[in-house]
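What follows is a single structure, written as structure tokens, with notes after it.
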Number of protein chains: 4
Amino acid sequence: MQQGRDPFGDPTRPALDPVESVERLAELGAYGVTFHDDDLIPFGSADSERDAHIKRFRAALDRAGLRVPMATTNLFTHPVFKDGAFTANDRDVRRYALRKTIRNIDLAAELGADTYVVWGGREGAESGAAKDVRVALDRLKEAFDLLGDYVLSRGYPLRFAVEPKPNEPRGDILLPTVGHALAFIGCLAHPELVGVNPEVGHEQMAGLNFPHGIAQALWSGKLFHIDLNGQGGMKFDQDLRFGAGDLRQAFWLVDLLESAGYQGPRHFDFKPARTEDMSGVWAAAAACMHNYLVLRDKAAAFRADPAVQEALRASRLDQLALPTLARGEGLTGLLADRRAFEDFDVTAAASRGMAFEQLDQLAWDHLVGTR
Amino acid sequence: MQQGRDPFGDPTRPALDPVESVERLAELGAYGVTFHDDDLIPFGSADSERDAHIKRFRAALDRAGLRVPMATTNLFTHPVFKDGAFTANDRDVRRYALRKTIRNIDLAAELGADTYVVWGGREGAESGAAKDVRVALDRLKEAFDLLGDYVLSRGYPLRFAVEPKPNEPRGDILLPTVGHALAFIGCLAHPELVGVNPEVGHEQMAGLNFPHGIAQALWSGKLFHIDLNGQGGMKFDQDLRFGAGDLRQAFWLVDLLESAGYQGPRHFDFKPARTEDMSGVWAAAAACMHNYLVLRDKAAAFRADPAVQEALRASRLDQLALPTLARGEGLTGLLADRRAFEDFDVTAAASRGMAFEQLDQLAWDHLVGTR
Amino acid sequence: MQQGRDPFGDPTRPALDPVESVERLAELGAYGVTFHDDDLIPFGSADSERDAHIKRFRAALDRAGLRVPMATTNLFTHPVFKDGAFTANDRDVRRYALRKTIRNIDLAAELGADTYVVWGGREGAESGAAKDVRVALDRLKEAFDLLGDYVLSRGYPLRFAVEPKPNEPRGDILLPTVGHALAFIGCLAHPELVGVNPEVGHEQMAGLNFPHGIAQALWSGKLFHIDLNGQGGMKFDQDLRFGAGDLRQAFWLVDLLESAGYQGPRHFDFKPARTEDMSGVWAAAAACMHNYLVLRDKAAAFRADPAVQEALRASRLDQLALPTLARGEGLTGLLADRRAFEDFDVTAAASRGMAFEQLDQLAWDHLVGTR
Amino acid sequence: MQQGRDPFGDPTRPALDPVESVERLAELGAYGVTFHDDDLIPFGSADSERDAHIKRFRAALDRAGLRVPMATTNLFTHPVFKDGAFTANDRDVRRYALRKTIRNIDLAAELGADTYVVWGGREGAESGAAKDVRVALDRLKEAFDLLGDYVLSRGYPLRFAVEPKPNEPRGDILLPTVGHALAFIGCLAHPELVGVNPEVGHEQMAGLNFPHGIAQALWSGKLFHIDLNGQGGMKFDQDLRFGAGDLRQAFWLVDLLESAGYQGPRHFDFKPARTEDMSGVWAAAAACMHNYLVLRDKAAAFRADPAVQEALRASRLDQLALPTLARGEGLTGLLADRRAFEDFDVTAAASRGMAFEQLDQLAWDHLVGTR
């Protein structure tokens with residue numbers, strides 16, 4: 001995709017050599033670089049070629065002082081995965097997918113990655129009987145349990161991050177949202193090894209509020225990685241640079257990640273528009289980082305503003321932070337409290353305004369720099 | 001809504017007395033009737049009035065031979081819940097909501113309900129800072145844990161069913177999809193007491209495949225209840241009669257519920273269009289049941305058709321049902337199997353067609369009755 | 001709606017007296033006030049009551065120094081319009097709707113309005129056979145032609161503005177987008193009398209780019225009025241304050257209106273959230289105006305920035321402004337120009353980057369105030 | 001696409017020779033075959049190669065007895081069109097696009113086509129300043145006016161059909177819906193030469209009701225061609241076989257085309273799923289035709305059913321067909337008719353049910369074959 005190919009158009013740019021990527025990202029101030037196995041080592045390379053590719057990549061990393069925090073397997077480009085990888089109806093394809101993944105996990109561990117992203121973009125269907133979803137979830141669990149066993153048996157310090165997406169390239173993809181992925185993880189043999197890698201545009205393709213989904217992932221202790229980009233609403237996966245698309249959600253996302261103390265990588269997973277040459281590609285890459293830092297500063301200023309703190313109290317966010325039951329009160333206490341029900345002045349309570357418009361307008365002015 | 005009120009229009013029909021509902025539903029062959037507390041007993045009724053309402057309703061149930069399989073609390077109509085109930089920023093509103101719910105749980109148990117639906121339609125926000133979602137999830141968990149304690153302490157044979165919805169009436173609602181609800185349930189103190197009550201239109205408002213979501217709920221053992229209706233795509237919540245809206249998903253849904261042996265209620269939660277008088281209301285109610293039965297018969301015929309069974313094999317659904325690893329093979333076996341990777345003929349595997357078009361066309365012909 | 005009623009909730013605020021509205025809007029610096037007939041004069045008022053309401057409203061306008069630039073008829077709230085007004089299947093309802101409209105046109109003219117908005121929110125259907133759309137368009141054309149005749153016969157200086165919307169309250173509404181409305185207008189007897197009144201959220205409910213639709217309306221000479229508000233993507237009609245929702249589209253919209261020299265009203269058609277008391281209502285109203293002015297200044301600074309002007313040239317916007325054929329060249333010239341085809345270096349042309357990322361990032365920095 | 005390439009995957013099938021297509025389509029009973037210039041003659045072919053390709057294709061048509069009712073230019077695949085063709089910012093690209101189109105119009109005329117489809121899939125933008133939409137519409141009009149001049153000057157019996165699409169491959173495409181295209185056509189120098197070619201999935205990608213859009217196109221006399229396929233809601237362009245996706249809209253569409261006496265081609269523009277081999281491709285092609293015919297028969301039976309005719313009267317479709325004003329009544333008559341307003345019993349009129357649920361359920365039973 002780096003080459004600007006799309007469903008209706010041929011590539012507009014030459015392929016980018018992974019080594020050149022490393023060099024350019026280092027210049028832009030990136031902290032690390034991530035890879036799909038097939039981007040680094042062309043699909044079907046002989047073992048000797050594979051070793052040469054790896055050696056050359058390591059040397060580039062060393063020169064540039066970059067690390068590899070995350071790696072992943074390409075289980076979607078080759079026609080063999082047309083009906084999925086871990087949930088392909090064909091059992092031999094599933095076995096092949098597992099072996100391809102394990103092989104790349106070894107490389108990821110060798111290169112020092114601590115997160116292994118699994119995007120099941122081909123695990124899905126276009127029609128009703130083509131996939132028995134309950135059985136497919138059995139197969140998906142089998143795969144994750146096995147990969148967990150493998151990582152544990154090798155002692156790799158790797159954790160998995162599931163990347164949800166509702167559709168595209170399949171008509172419907174399994175684990176379509178952060179919620180579905182979190183629920184699935186809870187059913188695995190090694191849930192502690194698996195978290196999520198949400199992508200801004202993927203949740204927005206289902207019209208969902210991205211910061212809300214991230215908040216639930218954080219609340220569940222499962223935000224292992226994040227893919228930052230932009231999306232212009234419910235349509236094909238656009239992978240715009242971070243900050244393009246829904247700017248207000250981008251602001252609240254950065255506010256959340258920073259105030260929650262998220263320690264994982266901020267990974268920019270965008271696809272430079274097909275209209276751009278390489279100068280546009282690198283301008284977009286630089287803009288992703290710039291935009292994150294701008295929003296981070298704005299979020300910090302918003303939280304530090306005394307008027308905002310007052311507005312948060314006016315909207316009773318402080319009360320939300322208090323448990324609903326008093327310490328030690330218990331059910332009995334609640335049931336005995338006549339002020340809670342029998343003597344509660346519903347009409348008076350209903351008439352209290354929430355002051356959310358004032359609060360949100362303060363945020364708006366911080367975002368556009370008029371406060 | 002029964003009266004045909006909508007955001008731009010006044011009611012077009014008189015209010016329906018709950019006792020008349022019971023009688024008419026019995027005539028239509030319904031198995032049971034469900035209720036919101038405020039529909040049965042007007043909000044703010046004195047205790048004596050409340051008792052009279054309940055007594056009259058019980059008598060009607062007895063006469064009609066209907067039971068009450070499910071009940072729920074209205075935590076959304078009154079202005080006091082404008083910012084939510086269990087996650088309202090105002091602590092006193094949260095306490096009131098818990099008490100209102102507990103009061104109605106007692107009634108539900110008394111009337112013999114075994115499922116208690118919780119739709120948190122007001123638990124959400126329109127703007128970013130107005131709700132700290134992580135903190136709100138703490139409050140929501142607190143509420144469910146408390147209600148679980150209550151039901152256990154009373155020995156009620158009640159289970160809770162969370163009804164997810166992405167938006168409307170709030171701009172974004174917490175637990176927006178079946179996936180998010182399942183994930184949340186896994187974090188509760190009494191997860192075994194809580195399942196989901198998905199509604200067709202709610203998932204489709206996020207563009208999600210409803211049968212896929214139901215399959216994951218079934219796979220998780222959490223489909224406690226289901227709300228059947230119709231929806232015309234990503235727009236406001238239409239609550240069309242079952243069978244209207246996405247007909248193909250309706251077919252696959254019924255196929256799934258029936259083949260999975262789902263034992264819970266098939267609850268039709270539709271809102272008769274505002275254009276209809278009472279004869280239209282009852283025609284739509286009868287059509288919901290008729291349409292379910294028609295689709296049930298079609299799904300059974302589809303599964304029994306030898307040509308379909310052959311097509312399912314041609315699409316290798318039988319292989320999907322086999323574990324990916326042989327019994328006792330383990331990781332070691334997989335890693336040692338050269339046919340799985342080194343000697344796997346990727347090109348040959350990639351060239352196998354999946355025969356999904358033929359399979360789906362068989363389903364199409366069954367659905368429209370041309371097979 | 002001003003009272004905070006929604007499909008699942010009762011009003012949270014008292015009704016606002018039209019006279020008080022006039023006073024408050026004047027304090028906020030508004031230029032005019034608009035009205036629905038039924039807001040000013042309760043539906044079904046006797047003629048004498050009607051006159052008193054009008055007199056009182058006029059007096060308030062005079063005191064406040066506000067004018068009435070636009071008026072409209074409520075053809076959607078009362079149950080009689082449940083199947084539409086100008087396209088209701090019932091002929092007597094259509095006749096009543098015309099008379100109700102004509103009566104209010106007289107008042108609008110008397111109060112000095114020059115624009116009459118027609119929102120056909122009930123002209124639509126929920127199911128396929130319920131409305132023969134071609135016949136309904138005949139009826140809609142009949143209505144507009146008649147109203148045009150009326151206005152011409154009275155010599156009123158009024159123009160009509162059709163307000164498109166894709167759905168809600170009907171499952172599908174006729175003339176669902178700006179495009180459909182423009183096309184319809186072209187088929188009328190008096191097309192010069194009719195333009196469009198697009199609303200931000202309505203086009204965004206169909207996932208359309210609002211500034212693009214406005215550009216086509218302007219290009220067609222048909223932007224007679226505009227409703228400014230905010231919307232959070234494809235869901236129910238939110239009517240957020242202007243600036244909330246899609247901030248980047250809001251910026252491009254203001255840039256377009258200002259650079260196109262749009263002379264019509266900037267009408268803020270938002271519904272204050274149900275969570276708010278009256279202080280929130282007025283804060284939101286003030287914010288609409290503030291946000292427009294902030295964006296207007298930013299758009300002006302963007303256009304005046306020499307770096308932006310250079311970036312626009314780098315993206316060849318200057319070339320887009322040139323006709324594709326040279327003056328006097330004609331088809332013959334184009335066909336004879338070998339550089340246009342036979343000798344055109346396709347590969348070289350294809351390799352030119354468009355520099356859109358750099359240009360859009362300049363806009364981003366202007367918007368958030370970092371440039 | 002015929003080869004099963006998608007944004008995340010390589011081709012899964014070999015390229016299909018146009019001559020083989022002709023033969024297979026003839027076997028399936030098709031009436032004609034359509035082409036993109038680049039599918040028939042690879043982009044950049046020398047003139048001698050071009051002639052050979054054409055000759056071979058003509059021979060195949062003659063052997064198979066198929067005609068070419070429609071042709072079109074590929075103005076989207078090659079990188080030179082990455083920013084558009086007729087509205088590319090680069091003037092030389094626009095000139096090249098016109099010449100490429102004219103060249104293929106000559107071929108289309110030679111092969112006997114009477115419709116020339118223009119899909120402006122690359123005419124659009126991903127960001128706000130990248131395209132001045134008003135200026136781009138000037139360029140688009142310039143192109144259509146010129147092509148109209150060309151066709152008239154040559155005396156070709158060709159008409160143009162604009163194919164709207166909201167997005168993909170561009171973030172937003174100009175003329176996003178049938179409505180926008182109809183409005184644009186009204187502004188052309190030769191509007192009589194230009195109509196629309198709506199595609200099922202394209203309108204549904206904007207959540208619009210496809211039969212409603214087709215009805216407006218028919219009403220405007222502008223339905224010159226139609227692309228029949230299926231789409232699963234608001235997501236990427238799926239191009240499913242006809243009948244897949246929204247089955248109820250497919251039924252109403254066929255009902256409309258048949259009852260309106262539409263005389264143009266029923267063109268199936270689907271992309272066989274990437275999972276399928278050639279047998280799946282041809283099964284899907286055959287199913288498109290089968291499904292259309294099945295729905296045609298069902299629509300005819302629905303319209304012929306006396307119970308349906310009665311239900312249509314109960315829903316007052318007969319009244320919708322009557323003009324709102326009596327013949328010769330005029331405005332004066334309406335204004336003088338006290339029954340229309342002063343004496344109109346609003347309450348009684350409001351209480352009449354529309355009987356739409358009964359009507360729609362009859363359609364449902366016809367569709368699934370239970371009536």
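By order in the structure tokens, chains are A, B, ...; within a chain, residues start at 1; ligands start at 1, following the order shown.
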Next on the checklist: With only C-alpha atoms considered, list every residue of chain B at most 7 Å from chain C, as a ChimeraX atom specification.
Outcome noted: /B:6-12,76-79,82-83,168-169,234-236,274-275
Next on the checklist: Need to verify the contact set: Ala130 in chain B, 10 Å, only C-alpha atoms, exclusion of same-chain residues closer than 6 positions in sequence. Can you return it as number ranges by chain?
Outcome noted: A: 311-312, 315-317, 354-357, 359-360; B: 83, 89, 124
Item to check | Selection: 9 Å around Asn229 in chain C, only C-alpha atoms, excl. self and same-chain fewer than 3 positions, as a PyMOL selection string | outcome: chain C and resi 199-201+238-245+250+267-271+288
Expected file contents, prior selection, all heavy atoms, as a CSV table (one decimal), in the first residue's frame:
```
chain,number,residue,atom,x,y,z
C,199,GLU,N,-28.6,21.6,5.6
C,199,GLU,CA,-28.3,21.6,7.0
C,199,GLU,C,-27.1,20.7,7.2
C,199,GLU,O,-27.1,19.6,6.7
C,199,GLU,CB,-29.5,21.1,7.8
C,199,GLU,CG,-29.1,21.1,9.3
C,199,GLU,CD,-30.3,20.9,10.2
C,199,GLU,OE1,-31.4,21.5,10.0
C,199,GLU,OE2,-30.2,20.1,11.1
C,200,VAL,N,-26.1,21.2,7.9
C,200,VAL,CA,-24.8,20.4,8.1
C,200,VAL,C,-25.1,19.0,8.4
C,200,VAL,O,-24.7,18.1,7.7
C,200,VAL,CB,-24.0,21.1,9.2
C,200,VAL,CG1,-22.8,20.2,9.5
C,200,VAL,CG2,-23.6,22.5,8.8
C,201,GLY,N,-25.9,18.7,9.4
C,201,GLY,CA,-26.0,17.4,9.9
C,201,GLY,C,-26.8,16.5,8.9
C,201,GLY,O,-26.6,15.3,8.9
C,238,GLN,N,-28.5,14.9,15.2
C,238,GLN,CA,-28.1,15.4,16.5
C,238,GLN,C,-28.3,16.9,16.8
C,238,GLN,O,-28.5,17.3,17.9
C,238,GLN,CB,-26.6,15.0,16.8
C,238,GLN,CG,-26.4,13.5,16.9
C,238,GLN,CD,-25.0,13.3,17.4
C,238,GLN,OE1,-24.0,13.2,16.7
C,238,GLN,NE2,-24.9,13.0,18.7
C,239,ASP,N,-28.2,17.7,15.7
C,239,ASP,CA,-28.4,19.1,15.8
C,239,ASP,C,-27.5,19.7,16.9
C,239,ASP,O,-27.9,20.5,17.8
C,239,ASP,CB,-29.8,19.4,16.1
C,239,ASP,CG,-30.7,19.2,14.9
C,239,ASP,OD1,-30.3,19.6,13.8
C,239,ASP,OD2,-31.8,18.7,15.0
C,240,LEU,N,-26.2,19.3,17.0
C,240,LEU,CA,-25.3,19.9,17.9
C,240,LEU,C,-25.0,21.3,17.6
C,240,LEU,O,-25.3,21.8,16.5
C,240,LEU,CB,-23.9,19.1,17.9
C,240,LEU,CG,-24.0,17.6,18.1
C,240,LEU,CD1,-22.7,16.9,17.8
C,240,LEU,CD2,-24.5,17.3,19.5
C,241,ARG,N,-24.4,22.1,18.5
C,241,ARG,CA,-24.1,23.5,18.2
C,241,ARG,C,-23.0,23.5,17.1
C,241,ARG,O,-22.3,22.5,16.9
C,241,ARG,CB,-23.6,24.2,19.5
C,241,ARG,CG,-22.2,23.8,19.9
C,241,ARG,CD,-21.8,24.5,21.2
C,241,ARG,NE,-20.4,24.3,21.5
C,241,ARG,CZ,-19.8,23.2,21.9
C,241,ARG,NH1,-20.5,22.1,22.2
C,241,ARG,NH2,-18.5,23.1,22.1
C,242,PHE,N,-23.0,24.6,16.4
C,242,PHE,CA,-22.0,24.7,15.3
C,242,PHE,C,-20.6,24.7,15.8
C,242,PHE,O,-20.3,25.3,16.8
C,242,PHE,CB,-22.3,26.0,14.5
C,242,PHE,CG,-21.3,26.1,13.3
C,242,PHE,CD1,-21.4,25.3,12.2
C,242,PHE,CD2,-20.3,27.1,13.3
C,242,PHE,CE1,-20.5,25.4,11.2
C,242,PHE,CE2,-19.5,27.2,12.2
C,242,PHE,CZ,-19.5,26.4,11.2
C,243,GLY,N,-19.8,23.9,15.2
C,243,GLY,CA,-18.4,23.7,15.6
C,243,GLY,C,-18.2,22.4,16.3
C,243,GLY,O,-17.1,21.8,16.3
C,244,ALA,N,-19.2,21.8,17.0
C,244,ALA,CA,-19.2,20.5,17.5
C,244,ALA,C,-19.4,19.5,16.3
C,244,ALA,O,-19.8,20.0,15.2
C,244,ALA,CB,-20.3,20.3,18.5
C,245,GLY,N,-19.0,18.3,16.5
C,245,GLY,CA,-19.1,17.4,15.4
C,245,GLY,C,-17.8,17.5,14.5
C,245,GLY,O,-16.7,17.6,15.1
C,250,ALA,N,-16.3,21.9,9.3
C,250,ALA,CA,-16.8,23.2,9.7
C,250,ALA,C,-15.9,24.3,9.2
C,250,ALA,O,-16.3,25.3,8.7
C,250,ALA,CB,-17.0,23.3,11.2
C,267,HIS,N,-27.7,30.7,9.4
C,267,HIS,CA,-28.8,30.4,10.4
C,267,HIS,C,-28.3,29.2,11.3
C,267,HIS,O,-28.0,28.1,10.7
C,267,HIS,CB,-30.0,30.0,9.6
C,267,HIS,CG,-31.2,29.7,10.5
C,267,HIS,ND1,-31.8,28.5,10.6
C,267,HIS,CD2,-31.9,30.5,11.4
C,267,HIS,CE1,-32.9,28.6,11.4
C,267,HIS,NE2,-32.9,29.8,11.9
C,268,PHE,N,-28.3,29.4,12.6
C,268,PHE,CA,-27.8,28.3,13.4
C,268,PHE,C,-29.1,27.5,13.9
C,268,PHE,O,-29.9,28.0,14.6
C,268,PHE,CB,-27.1,28.9,14.7
C,268,PHE,CG,-25.9,29.6,14.3
C,268,PHE,CD1,-25.8,31.0,14.3
C,268,PHE,CD2,-24.7,28.9,13.8
C,268,PHE,CE1,-24.7,31.7,13.9
C,268,PHE,CE2,-23.6,29.6,13.4
C,268,PHE,CZ,-23.6,30.9,13.4
C,269,ASP,N,-29.1,26.3,13.4
C,269,ASP,CA,-30.3,25.4,13.7
C,269,ASP,C,-29.9,24.3,14.5
C,269,ASP,O,-29.7,23.1,14.1
C,269,ASP,CB,-30.9,24.9,12.3
C,269,ASP,CG,-32.3,24.3,12.6
C,269,ASP,OD1,-32.8,24.4,13.7
C,269,ASP,OD2,-32.8,23.6,11.7
C,270,PHE,N,-29.6,24.5,15.8
C,270,PHE,CA,-29.1,23.5,16.7
C,270,PHE,C,-30.2,23.2,17.8
C,270,PHE,O,-31.1,24.0,18.0
C,270,PHE,CB,-27.8,23.9,17.3
C,270,PHE,CG,-28.0,25.0,18.4
C,270,PHE,CD1,-27.8,24.7,19.7
C,270,PHE,CD2,-28.2,26.3,18.0
C,270,PHE,CE1,-28.0,25.6,20.7
C,270,PHE,CE2,-28.4,27.3,19.0
C,270,PHE,CZ,-28.3,27.0,20.3
C,271,LYS,N,-30.1,22.0,18.4
C,271,LYS,CA,-31.0,21.7,19.5
C,271,LYS,C,-30.1,21.5,20.7
C,271,LYS,O,-29.4,20.5,20.8
C,271,LYS,CB,-31.8,20.4,19.2
C,271,LYS,CG,-32.9,20.6,18.3
C,271,LYS,CD,-33.6,19.3,18.0
C,271,LYS,CE,-34.6,19.5,16.8
C,271,LYS,NZ,-34.8,18.3,16.1
C,288,CYS,N,-22.2,29.0,19.1
C,288,CYS,CA,-22.4,28.9,17.6
C,288,CYS,C,-21.9,30.1,16.9
C,288,CYS,O,-21.1,30.0,16.0
C,288,CYS,CB,-23.9,28.8,17.3
C,288,CYS,SG,-24.7,27.2,17.7
```
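If you count only C-alpha atoms and ignore residues fewer than 5 places along the chain from Leu331 in chain D, what sits within 12 Å of it is Arg95, Leu98, Arg99, Ile102, Glu142, Ala143, Asp145, Leu146, Leu147, Gly148, Asp149, Tyr150, Val151, Leu152, Ser153 and Arg154 of chain C; Thr324, Leu325, Ala326, Ala336 and Asp337 of chain D.
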Item to check | Atomic separation - CA of Asp227 in chain B relative to CA of Pro198 in chain B, Å | outcome: 6.0 Å
Checklist entry - Hey, what's within 12 Å of Thr101 in chain A if we count only C-alpha atoms and toss same-chain stuff fewer than 5 positions away? As a ChimeraX atom specification, please? => result /A:36-38,71-75,85-86,94-96,106-108,116-119,143-144,146-148,150-151,160 /B:335,341
Checklist entry - Running DSSP on the backbone, which parts of range 67-275 of chain D land in strand (DSSP E), as a VMD selection string? => result chain D and resid 70 to 72 115 to 119 124 to 125 159 to 163 172 to 173 194 to 196 226 to 228 266 to 268
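The space between CA of Leu295 in chain C and CA of Phe251 in chain C spans 5.8 Å.
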Item to check | Selection: 12 Å around Leu28 in chain D, only C-alpha atoms, excl. self and same-chain fewer than 5 positions, as number ranges by chain | outcome: D: 21-23, 33, 64, 66, 282-290
Next on the checklist: Please report the interatomic distance between CA of Arg139 in chain A and CA of Lys165 in chain A in Å with one decimal.
Outcome noted: 18.5 Å
Next on the checklist: Which residues are close to Lys55 in chain B, i.e. within 12 Å by only C-alpha atoms, leaving aside same-chain residues fewer than 5 positions away? Reply as a list in words.
Outcome noted: Val19, Leu40, Ile41, Ser48, Glu49, Arg50, Ala60, Leu61, Asp62, Leu107, Glu110 and Leu111 of chain B
Keeping only C-alpha atoms, write the selected residues as a PDB file, in the first residue's frame.
```
ATOM      1  CA  VAL B  19     -54.280  -5.291  30.487  1.00  0.00           C
ATOM      2  CA  LEU B  40     -47.298  -0.950  34.170  1.00  0.00           C
ATOM      3  CA  ILE B  41     -47.271   1.566  37.004  1.00  0.00           C
ATOM      4  CA  SER B  48     -51.584   1.962  47.044  1.00  0.00           C
ATOM      5  CA  GLU B  49     -52.057   2.804  43.381  1.00  0.00           C
ATOM      6  CA  ARG B  50     -49.041   0.688  42.588  1.00  0.00           C
ATOM      7  CA  ALA B  60     -55.205 -10.319  33.392  1.00  0.00           C
ATOM      8  CA  LEU B  61     -52.204 -12.626  33.100  1.00  0.00           C
ATOM      9  CA  ASP B  62     -54.043 -15.387  34.922  1.00  0.00           C
ATOM     10  CA  LEU B 107     -41.914  -7.221  41.358  1.00  0.00           C
ATOM     11  CA  GLU B 110     -42.946 -11.938  42.239  1.00  0.00           C
ATOM     12  CA  LEU B 111     -44.409 -12.179  38.733  1.00  0.00           C
TER      13      LEU B 111
END
```
Checklist entry - So which bits of range 164-291 of chain B end up helix (DSSP H, G or I) when you DSSP the backbone, as a PyMOL selection string? => result chain B and resi 178-185+191-193+200-204+210-219+247-259+278-291
Next on the checklist: Calculated over only C-alpha atoms, which of the candidates C:Asp47, C:Val254, C:Leu175, C:Val93 has the smallest distance to Arg352 in chain D?
Outcome noted: C:Val93
